[in-house]
Amino acid sequence: NVVEMIDWNMFMGFWGFKGRYPEIIYSDPEAEKCYESAISMLDKMIVEQSVELSVCVRFFDAYSEGDEIVLDSEGVQERFEVGRYADFVPAREMGIKCAVGLFAIKVEDKQKCCDCKSYEHILREALCARIAQAASEWLDGQISEGGRVVKPAFGYPAVPDHSLKKKAFELLGAEEKLGL
């Protein structure tokens with residue numbers, strides 16, 4: 001269940017609370033109030049089915065060349081410069097087959113925003129972000145088969161190039177499949 005995998009530490013950090021979950025909700029009355037409203041909102045979102053979660057995954061044969069991972073998509077090679085993460089994929093000359101997966105996750109709040117600065121809206125957005133992260137963790141469990149999953153996220157400090165998202169979305173067909 002994706003909801004059970006929500007990282008409440010990240011949620012509490014979003015709101016500026018210092019400390020670890022669950023201790024923070026027992027030691028800080030404001031953190032407890034925030035957490036309780038989040039649980040209440042999450043229950044409401046589930047009952048009303050007002051959030052839609054979609055995942056798109058595709059695997060490719062891959063090899064590395066320097067700081068790049070090269071994905072082979074039906075004879076067409078797509079290069080992703082990922083720095084040190086290329087070390088996790090065998091070099092082409094090693095002759096070892098390797099699979100690399102790309103995925104996209106969409107969490108859509110179907111409730112229309114009337115006041116995008118309201119606490120309720122910001123709370124829903126924060127929960128949607130945590131649901132997306134939880135879905136990523138759930139996906140790890142589905143595909144890892146006990147192995148280690150390395151997930152460099154495009155646009156974050158480890159792989160700061162946002163343009164790689166567009167390339168990944170094209171390879172996944174994420175626009176057609178998820179509306180991304």
# chains A, B, ... in the order shown; residues from 1 in each chain; ligands from 1
>>> closest_atom_pairs(of="stretch 88-148 of chain A", to="stretch 63-68 of chain A", cutoff="10 Å", atoms="only C-alpha atoms", output="Markdown table")
| residue | atom | partner | partner_atom | distance |
| --- | --- | --- | --- | --- |
| A:Phe88 | CA | A:Ser64 | CA | 8.4 |
| A:Val89 | CA | A:Ser64 | CA | 5.6 |
| A:Pro90 | CA | A:Tyr63 | CA | 5.5 |
| A:Ala91 | CA | A:Ser64 | CA | 4.5 |
| A:Arg92 | CA | A:Tyr63 | CA | 5.1 |
| A:Glu93 | CA | A:Tyr63 | CA | 8.8 |
| A:Met94 | CA | A:Tyr63 | CA | 9.0 |
| A:Gly95 | CA | A:Tyr63 | CA | 8.9 |
| A:Ile96 | CA | A:Tyr63 | CA | 8.2 |
| A:Lys97 | CA | A:Tyr63 | CA | 7.6 |
| A:Cys98 | CA | A:Tyr63 | CA | 6.7 |
| A:Ala99 | CA | A:Tyr63 | CA | 8.5 |
| A:Val100 | CA | A:Tyr63 | CA | 8.8 |
>>> closest_atom_pairs(of="stretch 55-103 of chain A", to="stretch 131-137 of chain A", cutoff="12 Å", atoms="only C-alpha atoms", output="tab-separated table")
residue	atom	partner	partner_atom	distance
A:Val55	CA	A:Ala135	CA	8.2
A:Cys56	CA	A:Ser136	CA	11.0
A:Val57	CA	A:Ser136	CA	10.9
A:Leu102	CA	A:Ser136	CA	11.5
A:Phe103	CA	A:Ser136	CA	8.8
>>> select_by_dssp(residues="stretch 19-172 of chain A", states="helix (DSSP H, G or I)", output="ChimeraX atom specification")
/A:23-27,29-48,83-88,92-94,119-143,163-172
